[in-house]
file model.txt (compact mmCIF, C-alpha atoms)
# COMPACT_ATOMS: atom_id res chain seq x y z
CA MET A 1043 26.93 16.75 33.95
CA LYS A 1044 27.60 16.56 30.20
CA ILE A 1045 28.31 13.36 28.37
CA PRO A 1046 31.65 13.39 26.52
CA GLU A 1047 31.35 15.02 23.11
CA GLN A 1048 33.05 12.13 21.32
CA TRP A 1049 30.46 9.67 22.69
CA LEU A 1050 27.63 11.88 21.58
CA MET A 1051 29.11 12.34 18.13
CA ARG A 1052 29.65 8.62 17.75
CA ALA A 1053 26.08 7.91 18.79
CA TYR A 1054 24.67 10.61 16.49
CA GLY A 1055 26.87 9.38 13.63
CA ALA A 1056 25.32 5.94 14.09
CA ALA A 1057 21.82 7.47 14.22
CA LEU A 1058 22.47 9.21 10.91
CA GLU A 1059 22.53 5.76 9.33
CA LEU A 1060 18.76 5.71 9.85
CA TYR A 1061 18.31 8.50 7.29
CA PRO A 1062 18.02 7.76 3.56
CA ALA A 1063 21.50 7.41 2.03
CA ALA A 1064 21.16 10.41 -0.32
CA PHE A 1065 20.00 12.70 2.48
CA ARG A 1066 22.79 11.48 4.74
CA ALA A 1067 25.41 12.00 2.04
CA LYS A 1068 24.25 15.55 1.41
CA TYR A 1069 23.67 16.80 4.96
CA GLY A 1070 25.41 14.34 7.30
CA VAL A 1071 28.55 16.44 7.89
CA GLN A 1072 26.54 19.61 8.51
CA MET A 1073 24.16 17.82 10.85
CA MET A 1074 27.09 16.48 12.86
CA ASP A 1075 28.49 20.01 13.03
CA ALA A 1076 25.14 21.41 14.18
CA VAL A 1077 24.87 18.77 16.92
CA ARG A 1078 28.44 19.45 18.07
CA LEU A 1079 27.85 23.18 18.32
CA GLY A 1080 24.40 22.72 19.85
CA HIS A 1081 25.79 20.39 22.51
CA ARG A 1082 28.52 22.84 23.46
CA ALA A 1083 25.98 25.65 23.77
CA SER A 1084 23.31 23.67 25.64
CA THR A 1085 22.70 24.33 29.33
CA ASN A 1086 20.24 21.47 29.94
CA GLU A 1087 21.81 18.19 28.87
CA PHE A 1088 18.68 16.08 29.34
CA GLN A 1089 16.48 18.45 27.35
CA PHE A 1090 19.08 18.68 24.58
CA LEU A 1091 19.33 14.90 24.24
CA ALA A 1092 15.55 14.40 24.42
CA ASN A 1093 14.97 17.03 21.71
CA LEU A 1094 17.69 15.51 19.55
CA ALA A 1095 16.23 12.01 19.86
CA TRP A 1096 12.72 13.27 19.05
CA ASP A 1097 14.02 15.26 16.08
CA THR A 1098 15.95 12.27 14.74
CA VAL A 1099 12.98 9.90 14.92
CA TRP A 1100 10.54 12.27 13.22
CA ALA A 1101 12.98 13.60 10.64
CA CYS A 1102 13.98 10.03 9.68
CA LEU A 1103 10.35 9.03 9.22
CA ARG A 1104 9.64 12.18 7.20
CA GLU A 1105 12.62 11.72 4.91
CA HIS A 1106 11.86 8.06 4.28
CA TRP A 1107 8.23 8.93 3.57
CA ARG A 1108 9.36 11.66 1.19
CA GLU A 1109 11.71 9.23 -0.50
CA ALA A 1110 8.77 6.89 -0.99
CA SER A 1111 7.07 9.29 -3.41
CA PRO A 1112 5.04 7.36 -6.01
CA ALA A 1113 6.70 9.55 -8.66
CA ARG A 1114 9.90 7.52 -8.26
CA PRO A 1115 9.94 4.64 -10.76
CA GLY A 1116 11.21 2.16 -8.16
CA TYR A 1117 8.36 2.90 -5.77
CA ALA A 1118 5.83 2.99 -8.59
CA MET A 1119 7.03 -0.45 -9.67
CA ALA A 1120 6.92 -1.75 -6.10
CA PHE A 1121 3.38 -0.40 -5.72
CA ALA A 1122 2.36 -1.90 -9.08
CA ALA A 1123 3.81 -5.27 -8.03
CA PHE A 1124 2.02 -5.13 -4.67
CA PHE A 1125 -1.27 -4.11 -6.32
CA THR A 1126 -0.90 -6.85 -8.94
CA GLY A 1127 -0.29 -9.40 -6.19
CA MET A 1128 -3.34 -8.16 -4.34
CA LEU A 1129 -5.54 -8.42 -7.44
CA LEU A 1130 -4.23 -11.93 -8.16
CA THR A 1131 -5.05 -12.93 -4.59
CA VAL A 1132 -8.56 -11.51 -4.95
CA ALA A 1133 -8.99 -13.28 -8.31
CA VAL A 1134 -7.83 -16.66 -6.97
CA SER A 1135 -9.91 -16.27 -3.79
CA TYR A 1136 -13.04 -15.42 -5.76
CA GLN A 1137 -12.45 -18.39 -8.07
CA GLN A 1138 -12.07 -20.65 -5.04
CA VAL A 1139 -15.24 -19.31 -3.41
CA LEU A 1140 -17.22 -20.01 -6.60
CA ARG A 1141 -15.65 -23.43 -7.03
CA VAL A 1142 -16.35 -24.44 -3.43
CA GLY A 1143 -19.90 -23.10 -3.87
CA ALA A 1144 -20.37 -25.31 -6.93
CA ASP A 1145 -19.45 -28.37 -4.83
CA ARG A 1146 -22.06 -27.62 -2.17
CA GLN A 1147 -25.16 -29.09 -3.81
CA PRO A 1148 -23.43 -32.27 -5.10
CA ARG A 1149 -21.85 -32.75 -1.68
CA ARG A 1150 -25.28 -32.61 -0.01
CA LEU A 1151 -26.61 -35.18 -2.47
CA VAL A 1152 -23.66 -37.50 -1.87
CA GLU A 1153 -24.05 -37.17 1.92
CA ALA A 1154 -27.78 -37.94 1.66
CA ILE A 1155 -27.18 -41.05 -0.47
CA ARG A 1156 -24.30 -42.26 1.68
CA SER A 1157 -26.20 -41.84 4.94
CA ALA A 1158 -29.18 -43.68 3.41
CA GLN A 1159 -26.83 -46.60 2.55
CA GLY A 1160 -27.56 -46.13 -1.14
CA GLN A 1161 -31.30 -46.61 -0.62
CA VAL A 1162 -32.22 -43.17 -1.99
CA GLU A 1163 -34.14 -43.13 -5.26
CA VAL A 1164 -31.86 -41.76 -7.98
CA GLU A 1165 -33.83 -43.10 -10.87
CA GLY A 1166 -36.09 -40.07 -11.46
CA PRO A 1167 -36.57 -38.35 -14.81
CA ARG A 1168 -33.17 -38.28 -16.40
CA MET A 1169 -31.45 -35.00 -17.17
CA GLU A 1170 -29.20 -34.76 -20.21
CA ILE A 1171 -26.05 -33.07 -18.97
CA ALA A 1172 -24.91 -32.23 -22.51
CA SER A 1173 -28.03 -30.08 -22.98
CA ALA A 1174 -27.81 -26.29 -22.79
CA GLU A 1175 -30.77 -26.38 -20.41
CA TRP A 1176 -28.96 -28.50 -17.79
CA LEU A 1177 -25.67 -26.65 -18.23
CA GLU A 1178 -27.45 -23.39 -17.33
CA ALA A 1179 -29.89 -24.78 -14.76
CA GLY A 1180 -27.57 -25.27 -11.78
CA ARG A 1181 -29.31 -28.54 -10.83
CA ALA A 1182 -27.24 -31.42 -9.47
CA PHE A 1183 -27.36 -35.03 -10.63
CA ALA A 1184 -26.34 -38.23 -8.85
CA VAL A 1185 -25.20 -41.60 -10.22
CA ILE A 1186 -24.52 -44.84 -8.34
CA TYR A 1187 -21.64 -47.08 -9.45
CA ASP A 1188 -20.84 -50.66 -8.50
CA GLY A 1189 -17.52 -51.79 -7.05
CA SER A 1190 -15.95 -52.01 -10.49
CA GLY A 1191 -16.92 -48.42 -11.33
CA ARG A 1192 -19.76 -49.30 -13.71
CA ALA A 1193 -22.78 -46.98 -13.59
CA VAL A 1194 -25.84 -48.82 -12.31
CA ALA A 1195 -28.39 -46.11 -11.54
CA GLY A 1196 -28.72 -42.36 -11.85
CA ASP A 1197 -30.92 -39.40 -12.73
CA ALA A 1198 -28.75 -38.00 -15.54
CA THR A 1199 -27.33 -39.08 -18.88
CA LEU A 1200 -24.51 -37.98 -21.11
CA HIS A 1201 -25.62 -38.44 -24.70
CA GLY A 1202 -28.22 -40.99 -23.59
CA ALA A 1203 -26.03 -43.15 -21.32
CA LEU A 1204 -25.33 -42.89 -17.60
CA PRO A 1205 -22.27 -40.64 -17.13
CA GLN A 1206 -19.04 -42.60 -16.86
CA PRO A 1207 -16.13 -40.51 -15.58
CA PRO A 1208 -12.52 -41.72 -15.85
CA ARG A 1209 -11.85 -44.85 -13.78
CA GLY A 1210 -9.08 -43.09 -11.84
CA ILE A 1211 -11.56 -41.33 -9.60
CA PHE A 1212 -12.78 -44.68 -8.22
CA GLY A 1213 -9.24 -45.56 -7.17
CA VAL A 1214 -9.03 -42.33 -5.21
CA LEU A 1215 -12.46 -42.93 -3.66
CA ARG A 1216 -11.39 -46.43 -2.66
CA GLU A 1217 -8.31 -44.96 -0.94
CA ARG A 1218 -9.64 -41.77 0.60
CA GLY A 1219 -13.35 -42.44 0.95
CA TRP A 1220 -14.35 -39.28 -0.91
CA ASP A 1221 -13.03 -36.82 -3.51
CA HIS A 1222 -14.04 -33.75 -5.48
CA VAL A 1223 -12.78 -32.88 -8.94
CA THR A 1224 -13.62 -30.88 -12.02
CA TRP A 1225 -14.74 -33.26 -14.73
CA GLN A 1226 -14.69 -32.15 -18.36
CA PRO A 1227 -16.14 -34.91 -20.54
CA GLU A 1228 -16.27 -32.50 -23.52
CA PRO A 1229 -14.87 -29.01 -24.14
CA SER A 1230 -18.30 -27.41 -23.59
CA ILE A 1231 -19.20 -29.42 -20.48
CA ARG A 1232 -17.46 -28.79 -17.18
CA VAL A 1233 -18.85 -30.38 -14.04
CA ALA A 1234 -18.08 -29.97 -10.33
CA LEU A 1235 -18.01 -33.61 -9.32
CA VAL A 1236 -18.14 -34.88 -5.71
CA GLY A 1237 -17.87 -38.59 -4.93
CA ALA A 1238 -17.87 -40.98 -2.01
CA ARG A 1239 -17.48 -44.69 -1.39
CA LEU A 1240 -20.59 -46.52 -0.23
CA ALA A 1241 -20.75 -49.15 2.48
CA ASP A 1242 -21.57 -51.90 -0.06
CA GLY A 1243 -18.31 -51.27 -1.94
CA GLY A 1244 -19.95 -49.17 -4.65
CA TYR A 1245 -19.62 -45.44 -5.24
CA VAL A 1246 -21.80 -42.40 -5.62
CA LEU A 1247 -20.92 -39.40 -7.74
CA ALA A 1248 -22.91 -36.16 -7.84
CA GLY A 1249 -22.23 -33.25 -10.13
CA GLN A 1250 -23.27 -29.75 -11.02
CA SER A 1251 -22.54 -27.67 -14.10
CA LEU A 1252 -19.76 -25.08 -13.74
CA THR A 1253 -21.02 -23.04 -16.71
CA ARG A 1254 -22.73 -20.31 -14.68
CA SER A 1255 -20.07 -19.96 -11.96
CA GLU A 1256 -17.26 -19.91 -14.54
CA ARG A 1257 -19.05 -17.22 -16.54
CA GLN A 1258 -19.43 -15.21 -13.32
CA ASP A 1259 -15.73 -15.78 -12.60
CA ALA A 1260 -14.76 -14.65 -16.11
CA ARG A 1261 -16.79 -11.44 -15.72
CA PHE A 1262 -15.10 -10.72 -12.39
CA HIS A 1263 -11.67 -11.38 -13.93
CA ASP A 1264 -12.49 -8.91 -16.72
CA LEU A 1265 -13.34 -6.31 -14.08
CA LEU A 1266 -10.06 -6.98 -12.25
CA LEU A 1267 -8.17 -6.72 -15.55
CA TRP A 1268 -9.66 -3.26 -16.17
CA ILE A 1269 -8.77 -2.22 -12.62
CA TRP A 1270 -5.22 -3.50 -13.18
CA LEU A 1271 -4.90 -1.64 -16.49
CA GLY A 1272 -6.19 1.50 -14.77
CA MET A 1273 -3.57 1.10 -12.05
CA VAL A 1274 -0.77 0.63 -14.62
CA VAL A 1275 -1.84 3.72 -16.59
CA THR A 1276 -2.09 5.75 -13.35
CA ALA A 1277 1.33 4.59 -12.11
CA VAL A 1278 3.00 5.35 -15.44
CA GLY A 1279 1.22 8.73 -15.55
CA ILE A 1280 2.40 9.64 -12.05
CA VAL A 1281 6.00 8.73 -12.92
CA LEU A 1282 5.87 10.71 -16.19
CA LEU A 1283 4.20 13.73 -14.55
CA GLY A 1284 6.82 13.65 -11.80
CA ARG A 1285 9.49 14.06 -14.49
CA LEU A 1286 7.89 17.04 -16.21
CA PRO A 1287 9.86 20.27 -15.87
CA VAL A 1288 7.99 22.75 -13.66
CA PRO A 1289 8.24 26.57 -13.63
CA ASN A 1290 10.84 27.77 -11.18
CA GLY A 1291 10.10 30.80 -8.98
CA MET B 296 6.51 21.91 0.38
CA GLU B 297 7.53 20.24 -2.91
CA LYS B 298 5.95 23.03 -4.95
CA ARG B 299 7.54 25.07 -7.67
CA LEU B 300 4.90 27.58 -8.49
CA ASP B 301 5.06 31.23 -9.38
CA SER B 302 2.44 32.53 -6.96
CA PRO B 303 3.62 33.07 -3.33
CA GLU B 304 0.09 32.38 -2.08
CA ALA B 305 0.35 28.84 -3.44
CA PHE B 306 2.84 28.07 -0.65
CA LEU B 307 0.67 29.38 2.20
CA PRO B 308 0.14 28.74 5.01
CA LEU B 309 3.71 27.90 5.99
CA THR B 310 4.51 25.55 8.83
CA PRO B 311 6.08 27.25 11.88
CA ALA B 312 9.43 25.59 11.07
CA VAL B 313 9.47 26.80 7.46
CA PHE B 314 8.39 30.32 8.46
CA ALA B 315 11.15 30.39 11.08
CA ILE B 316 13.77 29.29 8.53
CA LEU B 317 12.69 31.86 5.92
CA LEU B 318 12.62 34.54 8.61
CA ALA B 319 16.12 33.58 9.75
CA LEU B 320 17.35 34.08 6.17
CA ALA B 321 15.50 37.38 5.71
CA ASP B 322 18.53 39.46 6.68
CA GLY B 323 21.10 37.61 4.61
CA GLU B 324 22.71 34.25 3.94
CA LYS B 325 23.43 31.96 6.86
CA HIS B 326 24.76 28.46 7.46
CA GLY B 327 22.61 25.69 8.90
CA TYR B 328 23.56 26.01 12.56
CA ALA B 329 23.03 29.80 12.53
CA ILE B 330 19.60 29.29 10.93
CA MET B 331 18.75 26.69 13.57
CA GLN B 332 19.80 28.96 16.45
CA GLU B 333 17.63 31.80 15.20
CA ALA B 334 14.71 29.61 14.11
CA ARG B 335 14.52 28.06 17.58
CA GLN B 336 13.16 31.36 18.84
CA HIS B 337 9.96 30.59 16.91
CA ALA B 338 9.77 26.82 16.50
CA ALA B 339 11.25 23.65 17.97
CA MET B 340 13.96 22.53 15.58
CA GLY B 341 16.70 19.95 15.53
CA PRO B 342 19.22 19.18 12.77
CA GLY B 343 16.94 16.62 11.07
CA THR B 344 14.00 19.02 10.86
CA LEU B 345 16.24 21.89 9.76
CA TYR B 346 18.03 20.12 6.91
CA GLY B 347 14.90 18.29 5.82
CA SER B 348 13.04 21.61 5.60
CA LEU B 349 15.97 23.31 3.88
CA ASP B 350 16.12 20.51 1.32
CA ARG B 351 12.42 20.96 0.59
CA LEU B 352 12.81 24.73 0.33
CA VAL B 353 15.71 24.33 -2.10
CA THR B 354 13.70 21.84 -4.16
CA ALA B 355 10.71 24.19 -4.14
CA GLY B 356 12.96 27.04 -5.34
CA LEU B 357 12.41 29.35 -2.33
CA VAL B 358 15.96 29.04 -1.04
CA GLU B 359 19.28 28.42 -2.76
CA GLU B 360 22.66 27.26 -1.63
CA ALA B 361 25.20 30.07 -1.45
CA GLY B 362 28.38 28.04 -1.07
CA LEU B 363 30.46 26.16 1.48
CA SER B 364 32.70 27.38 4.29
CA GLU B 365 36.44 26.91 3.81
CA ASP B 366 36.51 23.72 5.86
CA GLU B 367 33.43 22.50 3.91
CA ARG B 368 31.61 21.70 7.15
CA ARG B 369 29.05 24.46 6.71
CA ARG B 370 26.85 25.14 3.75
CA TYR B 371 25.37 28.62 3.39
CA TYR B 372 21.83 29.33 2.24
CA ARG B 373 19.99 32.43 1.06
CA LEU B 374 16.46 33.38 0.03
CA LYS B 375 15.54 33.54 -3.65
CA GLY B 376 13.12 36.14 -5.00
CA ILE B 377 10.10 33.89 -4.66
CA GLY B 378 11.25 33.00 -1.12
CA VAL B 379 11.20 36.68 -0.16
CA ARG B 380 7.72 37.07 -1.63
CA VAL B 381 6.44 33.94 0.17
CA LEU B 382 7.85 35.23 3.47
CA ALA B 383 6.14 38.61 2.89
CA ALA B 384 2.84 36.91 1.99
CA GLU B 385 2.94 34.73 5.11
CA THR B 386 3.79 37.74 7.26
CA ALA B 387 0.81 39.60 5.78
CA ARG B 388 -1.39 36.56 6.46
CA LEU B 389 -0.24 36.42 10.07
CA GLU B 390 -0.71 40.19 10.44
CA GLY B 391 -4.28 39.78 9.21
CA ALA B 392 -4.86 37.03 11.77
CA VAL B 393 -3.44 39.25 14.53
CA ARG B 394 -5.68 42.15 13.43
CA ARG B 395 -8.74 39.90 13.51
CA ALA B 396 -7.78 38.63 16.96
CA ARG B 397 -7.33 42.20 18.24
CA GLY B 398 -10.69 43.10 16.71
CA LYS B 399 -12.27 40.38 18.83
CA GLY B 400 -10.68 41.78 21.96
CA VAL B 401 -7.90 39.23 22.34
CA VAL B 402 -5.21 40.73 24.53
CA THR B 403 -1.73 39.21 24.26
CA GLY B 404 -0.97 39.83 27.94
CA GLU B 405 -3.70 37.36 28.93
CA ALA B 406 -1.64 34.46 27.54
CA ARG B 407 0.77 34.87 30.43
CA ALA B 408 -1.93 35.18 33.09
call {"tool": "encode", "arguments": {"input": "model.txt", "output": "structure tokens"}}
result
Amino acid sequence: MKIPEQWLMRAYGAALELYPAAFRAKYGVQMMDAVRLGHRASTNEFQFLANLAWDTVWACLREHWREASPARPGYAMAFAAFFTGMLLTVAVSYQQVLRVGADRQPRRLVEAIRSAQGQVEVEGPRMEIASAEWLEAGRAFAVIYDGSGRAVAGDATLHGALPQPPRGIFGVLRERGWDHVTWQPEPSIRVALVGARLADGGYVLAGQSLTRSERQDARFHDLLLWIWLGMVVTAVGIVLLGRLPVPNG
Amino acid sequence: MEKRLDSPEAFLPLTPAVFAILLALADGEKHGYAIMQEARQHAAMGPGTLYGSLDRLVTAGLVEEAGLSEDERRRYYRLKGIGVRVLAAETARLEGAVRRARGKGVVTGEARA
């Protein structure tokens, strides 16, 4: 038994919508005609419909894939945007990994001091955190503060005095119990600072220089920038090459 | 198939569908449905495959459009010079393959056994 021709044509007309618009505009009428004639001539209705469905699915995929040629400016731009987004994600993720890594050692120090109820000795030989040696060393310092936020003990100095970060951090520590920030007392000094409130109402802050991790981050960003420039040049080249006239046989 | 080169060999090997379409056009211009009917003797082909392949062949310069029927429902196609040469080159390639198979004792009748 054959399905009515008008139903088939309506269904195939709807299926043609799956093809790219330009392809449909150019061949749609002829494809409808071919299906009409093929249906009239077919002796096995099921096989005809199965073949037609298979052909439609694969041809649609092929034509859309063909349409998606990187030589088309729209697709090249979409690819460039996607690639740029991907590189930005990689850049931000890498930055985060380094930043979290820089918090690790200060966090351990803070945990040790907090669990020892502030009884840990933090009065060792004092490091000068403005010195090039400390900025490059990757060694953490710890300073104890009283309830008012005044430094009372520590194993590091900033220009000879115990480091005194902005008072705002103590307000946050009072509210949340702990915090981590990037502290920049001077343009050349950037410190990953982790803090916690102590049981006696005081605070502990531990910090580590960000100089090395930020230099590593900058080098990685330079690499990503070169990769991005390479991608842009390649995408533009593909689009331009795709527009070159080619010899016709 | 998006090639526009001067050497027929650059297009080889052809897919069964493309070979069947070129072969269908070897004896003169035809419209899409007539090509499809003849090409089906060699390769499975529906309207999507046919017109997609024809579009590629036109873009590649192997085939050209030869006009529309009066009711504009059928578009006619014919081989261009390079299309004829590509078809001949593919036929020669297939003949070579057949000769090599025969040389190894392959007998076509055994396929039906």
call {"tool": "closest_atom_pairs", "arguments": {"input": "model.txt", "of": "chain B", "to": "chain A", "cutoff": "8 Å", "atoms": "all atoms listed in the file", "output": "JSON lines"}}
result
{"residue": "B:Arg299", "atom": "CA", "partner": "A:Asn1290", "partner_atom": "CA", "distance": 5.5}
{"residue": "B:Leu300", "atom": "CA", "partner": "A:Gly1291", "partner_atom": "CA", "distance": 6.1}
{"residue": "B:Asp301", "atom": "CA", "partner": "A:Gly1291", "partner_atom": "CA", "distance": 5.1}
{"residue": "B:Gly327", "atom": "CA", "partner": "A:Gln1072", "partner_atom": "CA", "distance": 7.3}
{"residue": "B:Tyr328", "atom": "CA", "partner": "A:Ala1076", "partner_atom": "CA", "distance": 5.1}
{"residue": "B:Met340", "atom": "CA", "partner": "A:Asp1097", "partner_atom": "CA", "distance": 7.3}
{"residue": "B:Gly341", "atom": "CA", "partner": "A:Asp1097", "partner_atom": "CA", "distance": 5.4}
{"residue": "B:Pro342", "atom": "CA", "partner": "A:Met1073", "partner_atom": "CA", "distance": 5.5}
{"residue": "B:Gly343", "atom": "CA", "partner": "A:Ala1101", "partner_atom": "CA", "distance": 5.0}
{"residue": "B:Thr344", "atom": "CA", "partner": "A:Ala1101", "partner_atom": "CA", "distance": 5.5}
{"residue": "B:Tyr346", "atom": "CA", "partner": "A:Tyr1069", "partner_atom": "CA", "distance": 6.8}
{"residue": "B:Gly347", "atom": "CA", "partner": "A:Ala1101", "partner_atom": "CA", "distance": 7.0}
{"residue": "B:Ala355", "atom": "CA", "partner": "A:Asn1290", "partner_atom": "CA", "distance": 7.9}
{"residue": "B:Gly356", "atom": "CA", "partner": "A:Gly1291", "partner_atom": "CA", "distance": 6.0}
{"residue": "B:Leu357", "atom": "CA", "partner": "A:Gly1291", "partner_atom": "CA", "distance": 7.2}
{"residue": "B:Arg368", "atom": "CA", "partner": "A:Gln1072", "partner_atom": "CA", "distance": 5.7}
{"residue": "B:Arg369", "atom": "CA", "partner": "A:Gln1072", "partner_atom": "CA", "distance": 5.8}
{"residue": "B:Arg370", "atom": "CA", "partner": "A:Gln1072", "partner_atom": "CA", "distance": 7.3}
{"residue": "B:Gly376", "atom": "CA", "partner": "A:Gly1291", "partner_atom": "CA", "distance": 7.3}
{"residue": "B:Ile377", "atom": "CA", "partner": "A:Gly1291", "partner_atom": "CA", "distance": 5.3}
call {"tool": "residues_around", "arguments": {"input": "model.txt", "residues": "Ala1203 in chain A", "least_positions_apart": "5", "cutoff": "10 Å", "atoms": "only C-alpha atoms", "output": "VMD selection string"}}
result
chain A and resid 1168 1170 1193 1196 1198
call {"tool": "write_last_selection", "arguments": {"input": "model.txt", "atoms": "C-alpha atoms", "output": "PDB file, in the frame of the given file"}}
result
ATOM      1  CA  ARG A1168     -33.170 -38.280 -16.400  1.00  0.00           C
ATOM      2  CA  GLU A1170     -29.200 -34.760 -20.210  1.00  0.00           C
ATOM      3  CA  ALA A1193     -22.780 -46.980 -13.590  1.00  0.00           C
ATOM      4  CA  GLY A1196     -28.720 -42.360 -11.850  1.00  0.00           C
ATOM      5  CA  ALA A1198     -28.750 -38.000 -15.540  1.00  0.00           C
TER       6      ALA A1198
END
call {"tool": "atom_distance", "arguments": {"input": "model.txt", "atom1": "CA of Pro303 in chain B", "atom2": "CA of Arg380 in chain B"}}
result
6.0 Å
call {"tool": "atom_distance", "arguments": {"input": "model.txt", "atom1": "CA of Leu318 in chain B", "atom2": "CA of Arg395 in chain B"}}
result
22.6 Å
call {"tool": "residues_around", "arguments": {"input": "model.txt", "residues": "His337 in chain B", "least_positions_apart": "2", "cutoff": "8 Å", "atoms": "all atoms listed in the file", "output": "list in words"}}
result
Pro311, Ala312, Ala315, Glu333, Ala334, Arg335 and Ala339 of chain B
call {"tool": "axis_aligned_box", "arguments": {"input": "model.txt", "around": "range 1272-1282 of chain A", "padding_each_side": "8 Å", "output": "AutoDock Vina command-line options"}}
result
--center_x -0.1 --center_y 5.7 --center_z -14.3 --size_x 28.2 --size_y 26.1 --size_z 20.5
call {"tool": "atom_distance", "arguments": {"input": "model.txt", "atom1": "CA of Ser1251 in chain A", "atom2": "CA of Gly1180 in chain A"}}
result
6.0 Å
call {"tool": "residues_around", "arguments": {"input": "model.txt", "residues": "range 1256-1261 of chain A", "least_positions_apart": "6", "cutoff": "12 Å", "atoms": "all atoms listed in the file", "output": "PyMOL selection string"}}
result
chain A and resi 1132-1141+1143-1144+1177-1178+1180+1224+1230-1234+1267-1268
call {"tool": "closest_residue", "arguments": {"input": "model.txt", "among": "A:Trp1225, A:Ala1083, A:Gly1210, A:Ala1248", "to": "Gln332 in chain B", "atoms": "all atoms listed in the file"}}
result
A:Ala1083
call {"tool": "residues_near_point", "arguments": {"input": "model.txt", "point": "(21.3, 35.9, 5.9)", "cutoff": "12 Å", "atoms": "all atoms listed in the file", "output": "NGL selection string"}}
result
:B and (316-327 or 329-330 or 333 or 358-361 or 371-375 or 379)
